[in-house]
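Enquirer: Contents of my_file21.txt (compact mmCIF, C-alpha atoms):
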```
# COMPACT_ATOMS: atom_id res chain seq x y z
CA MET A 11 137.83 61.43 -39.64
CA PRO A 12 140.91 63.01 -41.24
CA ALA A 13 144.17 62.69 -39.37
CA LEU A 14 145.57 65.81 -37.71
CA THR A 15 148.60 67.22 -39.48
CA PRO A 16 151.28 68.84 -37.28
CA ALA A 17 152.33 72.37 -38.02
CA PRO A 18 155.25 72.59 -40.45
CA ALA A 19 158.61 73.22 -38.87
CA VAL A 20 161.54 75.08 -40.30
CA ALA A 21 165.13 75.16 -39.29
CA ASP A 22 166.14 78.09 -37.12
CA PRO A 23 169.47 79.41 -38.44
CA GLY A 24 170.41 80.66 -34.98
CA SER A 25 169.87 77.33 -33.19
CA GLY A 26 171.66 74.74 -35.32
CA PRO A 27 169.79 71.71 -36.58
CA ALA A 28 166.85 72.06 -34.18
CA LEU A 29 163.48 72.67 -35.77
CA VAL A 30 161.16 75.50 -34.73
CA PRO A 31 157.42 75.33 -35.49
CA ALA A 32 156.35 77.90 -38.07
CA PRO A 33 153.83 79.69 -35.76
CA VAL A 34 156.52 80.08 -33.10
CA ARG A 35 159.00 81.41 -35.63
CA SER A 36 156.40 83.82 -37.02
CA LEU A 37 155.63 85.11 -33.53
CA ARG A 38 159.35 85.54 -32.85
CA LEU A 39 159.85 87.48 -36.07
CA ARG A 40 156.92 89.79 -35.24
CA ALA A 41 158.37 90.42 -31.77
CA VAL A 42 161.80 91.24 -33.21
CA SER A 43 160.22 93.51 -35.81
CA ALA A 44 158.23 95.36 -33.14
CA LEU A 45 161.36 95.73 -31.00
CA ARG A 46 163.28 97.16 -33.95
CA LEU A 47 160.46 99.60 -34.59
CA VAL A 48 160.51 100.74 -30.95
CA VAL A 49 164.29 101.11 -30.59
CA ILE A 50 165.48 102.13 -34.07
CA GLY A 51 162.35 104.04 -35.05
CA GLY A 52 162.30 105.86 -31.73
CA GLY A 53 165.96 106.82 -32.08
CA LEU A 54 165.48 108.12 -35.62
CA SER A 55 162.43 110.18 -34.65
CA TYR A 56 164.33 111.63 -31.69
CA ARG A 57 167.16 112.78 -33.95
CA ALA A 58 164.74 114.17 -36.53
CA LEU A 59 162.12 115.89 -34.36
CA PHE A 60 163.77 116.92 -31.11
CA ASN A 61 164.80 120.58 -31.30
CA TRP A 62 167.54 120.45 -28.65
CA THR A 63 170.09 118.30 -30.47
CA THR A 64 172.98 120.79 -30.48
CA PRO A 65 175.13 120.61 -27.30
CA PRO A 66 174.79 124.31 -26.29
CA MET A 67 171.00 124.16 -26.63
CA PHE A 68 170.82 120.83 -24.81
CA ILE A 69 172.99 122.00 -21.92
CA GLY A 70 171.31 125.38 -21.57
CA THR A 71 167.72 124.18 -21.84
CA LEU A 72 167.75 120.72 -20.32
CA LEU A 73 170.53 120.91 -17.73
CA VAL A 74 171.08 124.51 -16.66
CA GLY A 75 167.40 125.48 -16.77
CA PRO A 76 166.14 122.84 -14.30
CA LEU A 77 169.11 123.50 -12.01
CA LEU A 78 168.33 127.21 -11.86
CA GLN A 79 164.68 126.39 -11.23
CA LEU A 80 165.68 124.19 -8.29
CA LEU A 81 167.91 126.89 -6.78
CA PHE A 82 165.14 129.46 -7.16
CA PHE A 83 162.61 127.40 -5.21
CA VAL A 84 165.15 126.39 -2.54
CA PHE A 85 166.03 130.00 -1.75
CA LEU A 86 162.38 131.07 -2.03
CA GLY A 87 161.42 128.38 0.46
CA ARG A 88 164.16 129.53 2.84
CA GLU A 89 162.92 133.10 2.63
CA LEU A 90 159.26 132.18 3.18
CA HIS A 91 159.98 129.39 5.71
CA VAL A 92 157.63 127.04 3.87
CA ALA A 93 159.70 123.85 3.87
CA ASP A 94 163.27 122.66 4.27
CA ASP A 95 165.84 122.23 1.51
CA ARG A 96 165.21 118.48 1.27
CA PHE A 97 161.61 119.10 0.22
CA TYR A 98 162.61 121.29 -2.74
CA LEU A 99 165.70 119.34 -3.73
CA LEU A 100 163.89 116.03 -4.10
CA GLY A 101 160.74 117.54 -5.58
CA ASN A 102 162.58 119.51 -8.22
CA ALA A 103 164.95 116.65 -9.01
CA VAL A 104 161.90 114.56 -9.91
CA VAL A 105 159.99 117.27 -11.79
CA SER A 106 163.09 118.45 -13.70
CA ALA A 107 162.54 115.56 -16.12
CA SER A 108 159.30 117.18 -17.26
CA THR A 109 161.17 119.64 -19.49
CA ALA A 110 162.36 116.87 -21.79
CA CYS A 111 159.46 114.47 -21.28
CA VAL A 112 156.51 116.82 -21.71
CA TYR A 113 157.90 118.93 -24.55
CA GLY A 114 159.75 116.01 -26.12
CA GLY A 115 156.66 113.82 -26.15
CA THR A 116 154.70 116.68 -27.66
CA MET A 117 157.31 117.27 -30.36
CA ALA A 118 157.45 113.55 -31.18
CA ILE A 119 153.96 113.82 -32.67
CA ALA A 120 153.16 117.49 -33.22
CA ASN A 121 156.38 118.17 -35.16
CA GLU A 122 155.47 115.46 -37.68
CA ARG A 123 152.52 117.62 -38.62
CA ARG A 124 154.55 120.83 -38.42
CA TYR A 125 157.24 119.50 -40.76
CA GLY A 126 154.74 117.93 -43.18
CA THR A 127 155.81 114.30 -42.60
CA LEU A 128 152.77 113.13 -40.64
CA GLY A 129 151.04 111.72 -43.71
CA ALA A 130 154.00 109.49 -44.54
CA VAL A 131 154.09 108.18 -40.97
CA LEU A 132 150.38 107.39 -40.87
CA LEU A 133 150.51 105.68 -44.26
CA SER A 134 152.83 103.09 -42.75
CA PRO A 135 151.18 99.66 -42.34
CA ARG A 136 153.01 99.07 -39.05
CA ASN A 137 151.21 98.71 -35.74
CA ARG A 138 150.60 102.12 -34.18
CA ALA A 139 151.26 101.09 -30.55
CA PRO A 140 155.00 100.25 -30.90
CA LEU A 141 155.37 103.12 -33.35
CA TRP A 142 154.29 105.70 -30.77
CA PHE A 143 155.79 103.85 -27.82
CA GLY A 144 159.18 104.03 -29.52
CA ARG A 145 158.77 107.81 -29.75
CA ALA A 146 158.56 108.05 -25.94
CA LEU A 147 161.53 105.82 -25.10
CA PRO A 148 164.34 108.34 -25.83
CA TYR A 149 162.63 110.95 -23.66
CA VAL A 150 162.41 108.52 -20.74
CA LEU A 151 166.19 108.13 -20.84
CA ASN A 152 166.62 111.86 -21.41
CA GLY A 153 164.46 112.69 -18.41
CA LEU A 154 166.35 110.22 -16.20
CA VAL A 155 169.69 111.81 -17.13
CA ILE A 156 168.34 115.30 -16.34
CA SER A 157 166.94 114.20 -12.96
CA VAL A 158 170.18 112.50 -11.93
CA PHE A 159 172.25 115.50 -13.03
CA THR A 160 170.00 117.99 -11.22
CA LEU A 161 170.00 116.00 -8.00
CA SER A 162 173.76 115.35 -8.10
CA VAL A 163 174.75 118.98 -8.69
CA ALA A 164 172.23 120.24 -6.14
CA CYS A 165 173.59 117.85 -3.52
CA LEU A 166 177.11 119.12 -4.16
CA LEU A 167 176.02 122.76 -3.95
CA LEU A 168 173.54 122.56 -1.07
CA GLY A 169 174.86 119.64 0.95
CA LEU A 170 171.94 117.21 0.77
CA ARG A 171 172.90 113.77 2.07
CA ILE A 172 171.13 110.67 0.77
CA PRO A 173 171.71 107.23 2.35
CA VAL A 174 173.71 104.95 0.06
CA GLY A 175 171.16 102.18 0.53
CA ALA A 176 168.44 104.46 -0.83
CA LEU A 177 170.18 105.12 -4.15
CA PRO A 178 168.88 102.04 -6.07
CA GLY A 179 165.33 102.78 -4.97
CA LEU A 180 165.74 106.45 -5.82
CA ALA A 181 166.98 105.53 -9.30
CA ALA A 182 163.88 103.35 -9.80
CA VAL A 183 161.64 106.21 -8.67
CA LEU A 184 163.27 108.68 -11.07
CA LEU A 185 162.95 106.19 -13.93
CA ALA A 186 159.26 105.61 -13.18
CA ALA A 187 158.70 109.38 -13.02
CA ALA A 188 160.38 109.92 -16.40
CA ALA A 189 158.36 107.09 -17.96
CA GLY A 190 155.07 108.43 -16.64
CA CYS A 191 155.84 111.98 -17.72
CA SER A 192 156.85 110.84 -21.23
CA ALA A 193 153.51 109.06 -21.57
CA PHE A 194 151.83 112.27 -20.42
CA GLY A 195 153.77 114.17 -23.12
CA LEU A 196 152.61 111.73 -25.80
CA ALA A 197 148.99 112.24 -24.76
CA LEU A 198 149.49 116.00 -25.11
CA GLY A 199 151.22 115.49 -28.46
CA ALA A 200 148.21 113.56 -29.70
CA LEU A 201 146.25 116.79 -29.42
CA GLY A 202 148.59 118.13 -32.11
CA LEU A 203 146.54 116.21 -34.66
CA ARG A 204 143.59 118.44 -33.84
CA PHE A 205 144.89 121.74 -32.43
CA ARG A 206 147.25 124.14 -34.16
CA ASP A 207 149.19 125.46 -31.16
CA VAL A 208 149.66 122.34 -29.05
CA PHE A 209 152.72 123.87 -27.36
CA LEU A 210 150.44 126.29 -25.57
CA ILE A 211 148.84 123.25 -23.95
CA SER A 212 152.30 121.89 -23.09
CA ASN A 213 153.26 125.15 -21.40
CA VAL A 214 150.15 125.07 -19.24
CA ALA A 215 150.67 121.38 -18.44
CA SER A 216 154.30 121.93 -17.46
CA SER A 217 153.30 124.74 -15.10
CA GLY A 218 150.58 122.52 -13.68
CA LEU A 219 153.15 119.86 -12.82
CA LEU A 220 155.15 122.42 -10.83
CA LEU A 221 152.08 123.43 -8.84
CA LEU A 222 149.92 120.33 -8.45
CA THR A 223 152.37 117.45 -8.01
CA GLY A 224 153.73 118.68 -4.70
CA ALA A 225 157.18 119.33 -6.12
CA ASN A 226 157.28 122.93 -4.87
CA VAL A 227 154.03 123.43 -2.93
CA PRO A 228 153.17 121.07 -0.05
CA ARG A 229 150.09 119.15 -1.14
CA GLU A 230 148.44 119.45 2.25
CA LYS A 231 148.25 123.22 1.71
CA LEU A 232 146.40 122.84 -1.59
CA PRO A 233 142.59 122.83 -1.96
CA ASP A 234 140.93 119.44 -2.23
CA TRP A 235 140.25 119.74 -5.96
CA MET A 236 143.93 120.55 -6.64
CA ARG A 237 145.04 117.49 -4.67
CA ALA A 238 142.56 115.39 -6.64
CA VAL A 239 144.00 116.64 -9.94
CA GLY A 240 147.52 116.03 -8.67
CA ASP A 241 146.67 112.42 -7.86
CA VAL A 242 146.18 111.64 -11.57
CA LEU A 243 149.23 113.57 -12.79
CA PRO A 244 152.64 111.98 -13.31
CA MET A 245 155.44 112.65 -10.78
CA THR A 246 153.12 113.21 -7.81
CA HIS A 247 153.68 109.77 -6.29
CA ALA A 248 157.33 109.73 -7.37
CA ALA A 249 158.08 112.98 -5.53
CA GLU A 250 156.53 111.68 -2.31
CA THR A 251 158.40 108.37 -2.55
CA ALA A 252 161.72 110.09 -3.30
CA ARG A 253 161.40 112.24 -0.18
CA GLU A 254 160.64 109.20 1.96
CA LEU A 255 163.69 107.38 0.58
CA SER A 256 166.02 110.29 1.19
CA ALA A 257 164.78 110.50 4.79
CA GLY A 258 165.89 106.91 5.40
CA ALA A 259 162.59 105.08 4.96
CA GLY A 260 162.54 101.86 2.99
CA LEU A 261 161.35 101.63 -0.58
CA ASP A 262 157.57 101.59 -0.75
CA GLY A 263 156.62 99.75 -3.91
CA ARG A 264 153.17 101.31 -3.86
CA GLY A 265 154.57 104.69 -4.86
CA ILE A 266 156.39 103.30 -7.89
CA ALA A 267 153.39 101.14 -8.80
CA ALA A 268 151.10 104.17 -8.65
CA GLU A 269 153.50 106.14 -10.85
CA LEU A 270 153.72 103.34 -13.41
CA ALA A 271 149.94 102.91 -13.38
CA THR A 272 149.53 106.63 -14.06
CA GLY A 273 151.96 106.40 -16.97
CA ALA A 274 150.16 103.34 -18.36
CA GLY A 275 146.90 105.24 -18.24
CA TYR A 276 148.38 108.10 -20.26
CA ILE A 277 149.84 105.66 -22.79
CA VAL A 278 146.38 104.18 -23.34
CA LEU A 279 144.90 107.68 -23.57
CA ALA A 280 147.53 108.70 -26.12
CA VAL A 281 146.89 105.65 -28.32
CA VAL A 282 143.11 106.20 -28.19
CA LEU A 283 143.41 109.92 -28.98
CA LEU A 284 145.81 109.26 -31.84
CA LYS A 285 143.46 106.68 -33.33
CA VAL A 286 140.40 108.92 -33.01
CA PHE A 287 142.13 112.05 -34.33
CA GLU A 288 143.80 110.13 -37.17
CA ARG A 289 140.45 108.75 -38.30
CA GLY A 290 138.83 112.18 -38.11
CA SER A 291 141.72 113.85 -39.95
CA ARG A 292 141.55 111.28 -42.73
CA ARG A 293 137.83 111.84 -43.09
CA ARG A 294 138.23 115.62 -43.30
CA ALA A 295 141.54 115.53 -45.22
CA THR A 296 143.22 117.71 -42.60
CA LEU A 297 146.26 115.63 -41.63
CA ASP A 298 148.82 118.26 -42.67
CA VAL A 299 146.67 121.35 -42.32
CA MET A 300 148.25 123.90 -39.96
```
Turn the structure described in the file into structure tokens.
Expert:
Amino acid sequence: MPALTPAPAVADPGSGPALVPAPVRSLRLRAVSALRLVVIGGGLSYRALFNWTTPPMFIGTLLVGPLLQLLFFVFLGRELHVADDRFYLLGNAVVSASTACVYGGTMAIANERRYGTLGAVLLSPRNRAPLWFGRALPYVLNGLVISVFTLSVACLLLGLRIPVGALPGLAAVLLAAAAGCSAFGLALGALGLRFRDVFLISNVASSGLLLLTGANVPREKLPDWMRAVGDVLPMTHAAETARELSAGAGLDGRGIAAELATGAGYIVLAVVLLKVFERGSRRRATLDVM
């Protein structure tokens, strides 16, 4: 019986004279390469494909727009006596991230086709999962910034008081909401490989988030089928958890877990749709057809 030969080891330049087995080193290199693809590739795609890169456009669209939307619903709620200011302030602070996350995630894929660079991206031999995941990362951070800005300015203008102890939990909720909504945007962007006007779908989806997530309409007043749709949309669970935190309740991990699970589901859906539509577009030679 032949003797077993140990795996060859090579010196790791970052760890001195210690030897690292070749399979371990190969796995480490693949992990570093995937991380570079997520961070650097995502940053480059954000700079290339996001249409709000100039400061006036960014401020007007992503900061002023959600703030005006919040003020509109607060004063509308006061006039109609539907709910108190806290309901609208927290709901709109959460859903304000959807402007960047939904449209940004859509642009991250659909604009590749619009600008004629989709073929070059899909010819890359790199793994598709980190490639598309990196596209969503900048919009998660973008959405978090917008939510924090909207909530902070609204608190200064309308006098909402949030317990200091609730701030870390509220930050986690806003981050989970932005992550889930970015995944939702990627799933919509995947439709850009098949449909010409994917932004029409994004407009409808953005309006649906305002109505069905409970951000501006109490969910108990909605029909059963609307509540069922809202349960599988991002930001629904985050809005409920944010309101509970601001009222002094402790952090309920189930709300954040439900939000992250929703986002994970949309990430899987986006990867599956992209794979199916890419294969079909290759077969029909319609990758760059508009």
Enquirer: Could you name the residues that touch Ile211 (chain A) at 12 Å or less, counting all atoms listed in the file, but leaving out those on the same chain fewer than 3 positions away, as a ChimeraX atom specification?
Expert: /A:112-113,116,120,194-195,197-202,205-208,214-218
Enquirer: Produce a table with one row for each residue of region 57-149 of chain A that has an atom at most 9 Å from any atom of region 280-284 of chain A, each row naming the nearest atom pair and its distance in Å at one decimal; use only C-alpha atoms; arrange rows by chain and rising residue number; format as JSON lines.
Expert:
```
{"residue": "A:Arg138", "atom": "CA", "partner": "A:Val281", "partner_atom": "CA", "distance": 7.8}
{"residue": "A:Ala139", "atom": "CA", "partner": "A:Val281", "partner_atom": "CA", "distance": 6.7}
{"residue": "A:Trp142", "atom": "CA", "partner": "A:Val281", "partner_atom": "CA", "distance": 7.8}
```
Enquirer: Mind running region 262-297 of chain A against region 244-254 of chain A at 10 Å and telling me each contacting residue's nearest atom pair with the distance in Å (one decimal), counting all atoms listed in the file, chain and number ascending, as CSV?
Expert:
```
residue,atom,partner,partner_atom,distance
A:Asp262,CA,A:Thr251,CA,7.1
A:Gly263,CA,A:Thr251,CA,8.9
A:Arg264,CA,A:His247,CA,8.8
A:Gly265,CA,A:His247,CA,5.4
A:Ile266,CA,A:Ala248,CA,6.5
A:Ala267,CA,A:His247,CA,9.0
A:Ala268,CA,A:His247,CA,6.6
A:Glu269,CA,A:His247,CA,5.8
A:Leu270,CA,A:Pro244,CA,8.7
A:Ala271,CA,A:Pro244,CA,9.5
A:Thr272,CA,A:Pro244,CA,6.2
A:Gly273,CA,A:Pro244,CA,6.7
A:Tyr276,CA,A:Pro244,CA,9.0
```
Enquirer: Please write the residues from the selection above to a file, keeping C-alpha atoms, as a PDB file, in the coordinates of the input.
Expert:
```pdb
ATOM      1  CA  ASP A 262     157.570 101.590  -0.750  1.00  0.00           C
ATOM      2  CA  GLY A 263     156.620  99.750  -3.910  1.00  0.00           C
ATOM      3  CA  ARG A 264     153.170 101.310  -3.860  1.00  0.00           C
ATOM      4  CA  GLY A 265     154.570 104.690  -4.860  1.00  0.00           C
ATOM      5  CA  ILE A 266     156.390 103.300  -7.890  1.00  0.00           C
ATOM      6  CA  ALA A 267     153.390 101.140  -8.800  1.00  0.00           C
ATOM      7  CA  ALA A 268     151.100 104.170  -8.650  1.00  0.00           C
ATOM      8  CA  GLU A 269     153.500 106.140 -10.850  1.00  0.00           C
ATOM      9  CA  LEU A 270     153.720 103.340 -13.410  1.00  0.00           C
ATOM     10  CA  ALA A 271     149.940 102.910 -13.380  1.00  0.00           C
ATOM     11  CA  THR A 272     149.530 106.630 -14.060  1.00  0.00           C
ATOM     12  CA  GLY A 273     151.960 106.400 -16.970  1.00  0.00           C
ATOM     13  CA  TYR A 276     148.380 108.100 -20.260  1.00  0.00           C
TER      14      TYR A 276
END
```
Enquirer: Measuring between all atoms listed in the file, which one of A:Ser157, A:Asn213, A:Ser43, A:Ser134 shows the shortest distance to Ala188 (chain A)?
Expert: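 Residue with the minimum atom-to-atom distance to Ala188 (chain A): A:Ser157.
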Enquirer: Box for region 160-166 of chain A - axis-aligned, 3 Å on each of the six sides, all listed atoms - centre and size in Å to one decimal, as JSON.
Expert:
```
{"center_x": 173.6, "center_y": 117.8, "center_z": -7.4, "size_x": 13.1, "size_y": 10.9, "size_z": 13.7}
```
Enquirer: Of the candidates A:Glu230, A:Ala44, A:Val278, A:Asp95, which shows the shortest atom-to-atom distance to Gly169 (chain A), using all atoms listed in the file?
Expert: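 Once distances to Gly169 (chain A) are computed over all atoms listed in the file, the minimum belongs to A:Asp95.
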Enquirer: One number please: CA of Leu154 (chain A) to CA of Ala41 (chain A), in Å, one decimal.
Expert: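 Answer for the CA of Leu154 (chain A) to CA of Ala41 (chain A) separation: 26.4 Å.
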Enquirer: Compare A:Arg88, A:Arg96, A:Arg204, A:Arg145 by their minimum atom-to-atom distance to Lys285 (chain A), counting all atoms listed in the file, and give me the closest one.
Expert: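 The answer is A:Arg204, which sits nearest to Lys285 (chain A).
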Enquirer: Got a sec to check which residues sit within 9 Å of (157.3, 121.2, -4.9), counting all atoms listed in the file, and write them as a count of residues only?
Expert: 19
Enquirer: One decimal, Å: what's the distance from CA of Ala130 (chain A) over to CA of Leu45 (chain A), could you say?
Expert: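 CA of Ala130 (chain A) sits 20.7 Å away from CA of Leu45 (chain A).
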Enquirer: Quick one: residues within 9 Å of Asn121 (chain A), all atoms listed in the file, excluding same-chain residues fewer than 3 positions away - as number ranges by chain?
Expert: A: 59-60, 116-118, 124-128, 199, 202
Enquirer: Rounded to one decimal in Å, what is the spacing between CA of Gly275 (chain A) and CA of Leu243 (chain A)?
Expert: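 Separation between CA of Gly275 (chain A) and CA of Leu243 (chain A): 10.2 Å.
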Enquirer: Select, from A:Phe209, A:Trp235, A:Tyr56, A:Phe287, the residue with the minimum atom-to-atom distance to Tyr149 (chain A), counting only C-alpha atoms.
Expert: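 Answer, going by the shortest atom-to-atom distance: A:Tyr56.
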Enquirer: Skipping near chain neighbours, those fewer than 6 positions away, what residues fall within 10 Å of Pro173 (chain A) using only C-alpha atoms, listed as a list in words?
Expert: Leu255, Ser256, Ala257, Gly258 and Ala259 of chain A
Enquirer: Using all atoms listed in the file, list the residues that have an atom at most 12 Å from (166.8, 109.4, -27.0), coordinates as in the file, as a ChimeraX atom specification.
Expert: /A:48-60,62-63,110-111,114-115,118,144-155,192
Enquirer: Would you mind exporting region 282-292 of chain A with all heavy atoms, as a compact mmCIF listing (two decimals), in the first residue's frame?
Expert:
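For reference, result-v8.txt as written:
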```
# COMPACT_ATOMS: atom_id res chain seq x y z
N VAL A 282 -30.64 33.85 -9.26
CA VAL A 282 -31.32 32.87 -10.12
C VAL A 282 -31.83 33.54 -11.39
O VAL A 282 -31.64 33.03 -12.51
CB VAL A 282 -32.48 32.20 -9.36
CG1 VAL A 282 -33.33 31.36 -10.31
CG2 VAL A 282 -31.94 31.33 -8.23
N LEU A 283 -32.48 34.70 -11.26
CA LEU A 283 -32.99 35.41 -12.43
C LEU A 283 -31.86 35.81 -13.37
O LEU A 283 -31.98 35.69 -14.60
CB LEU A 283 -33.77 36.64 -11.99
CG LEU A 283 -35.13 36.40 -11.33
CD1 LEU A 283 -35.75 37.72 -10.90
CD2 LEU A 283 -36.07 35.66 -12.27
N LEU A 284 -30.76 36.30 -12.80
CA LEU A 284 -29.64 36.71 -13.64
C LEU A 284 -29.07 35.52 -14.40
O LEU A 284 -28.72 35.64 -15.58
CB LEU A 284 -28.55 37.35 -12.77
CG LEU A 284 -28.86 38.76 -12.27
CD1 LEU A 284 -27.91 39.17 -11.16
CD2 LEU A 284 -28.80 39.77 -13.40
N LYS A 285 -28.98 34.37 -13.75
CA LYS A 285 -28.45 33.19 -14.42
C LYS A 285 -29.38 32.73 -15.53
O LYS A 285 -28.94 32.41 -16.64
CB LYS A 285 -28.24 32.08 -13.40
CG LYS A 285 -27.58 30.83 -13.97
CD LYS A 285 -27.27 29.83 -12.88
CE LYS A 285 -26.56 28.61 -13.47
NZ LYS A 285 -26.23 27.62 -12.41
N VAL A 286 -30.68 32.71 -15.25
CA VAL A 286 -31.65 32.25 -16.25
C VAL A 286 -31.70 33.21 -17.42
O VAL A 286 -31.66 32.80 -18.60
CB VAL A 286 -33.04 32.10 -15.60
CG1 VAL A 286 -34.10 31.85 -16.66
CG2 VAL A 286 -33.04 30.97 -14.57
N PHE A 287 -31.78 34.52 -17.14
CA PHE A 287 -31.88 35.51 -18.22
C PHE A 287 -30.58 35.60 -19.01
O PHE A 287 -30.60 35.83 -20.22
CB PHE A 287 -32.24 36.87 -17.65
CG PHE A 287 -33.66 36.95 -17.14
CD1 PHE A 287 -34.03 37.92 -16.21
CD2 PHE A 287 -34.63 36.07 -17.57
CE1 PHE A 287 -35.33 38.00 -15.75
CE2 PHE A 287 -35.93 36.13 -17.11
CZ PHE A 287 -36.28 37.10 -16.19
N GLU A 288 -29.44 35.43 -18.34
CA GLU A 288 -28.17 35.46 -19.07
C GLU A 288 -28.09 34.29 -20.04
O GLU A 288 -27.69 34.45 -21.19
CB GLU A 288 -27.01 35.38 -18.07
CG GLU A 288 -25.64 35.30 -18.75
CD GLU A 288 -24.51 35.09 -17.76
OE1 GLU A 288 -24.75 35.21 -16.54
OE2 GLU A 288 -23.40 34.79 -18.21
N ARG A 289 -28.49 33.11 -19.58
CA ARG A 289 -28.45 31.93 -20.46
C ARG A 289 -29.39 32.12 -21.64
O ARG A 289 -29.03 31.82 -22.78
CB ARG A 289 -28.83 30.70 -19.65
CG ARG A 289 -28.73 29.40 -20.41
CD ARG A 289 -29.05 28.23 -19.49
NE ARG A 289 -28.15 28.21 -18.34
CZ ARG A 289 -28.32 27.40 -17.29
NH1 ARG A 289 -29.36 26.58 -17.25
NH2 ARG A 289 -27.45 27.42 -16.30
N GLY A 290 -30.60 32.65 -21.37
CA GLY A 290 -31.54 32.85 -22.47
C GLY A 290 -31.07 33.92 -23.44
O GLY A 290 -31.24 33.80 -24.66
N SER A 291 -30.45 34.99 -22.92
CA SER A 291 -29.95 36.06 -23.79
C SER A 291 -28.80 35.59 -24.65
O SER A 291 -28.65 36.00 -25.81
CB SER A 291 -29.53 37.26 -22.94
OG SER A 291 -30.63 37.79 -22.23
N ARG A 292 -27.94 34.73 -24.09
CA ARG A 292 -26.85 34.18 -24.89
C ARG A 292 -27.40 33.31 -26.02
O ARG A 292 -26.91 33.36 -27.15
CB ARG A 292 -25.92 33.35 -24.01
CG ARG A 292 -25.04 34.16 -23.06
CD ARG A 292 -24.20 33.22 -22.20
NE ARG A 292 -23.41 33.93 -21.23
CZ ARG A 292 -22.21 34.45 -21.46
NH1 ARG A 292 -21.67 34.33 -22.66
NH2 ARG A 292 -21.54 35.08 -20.51
```
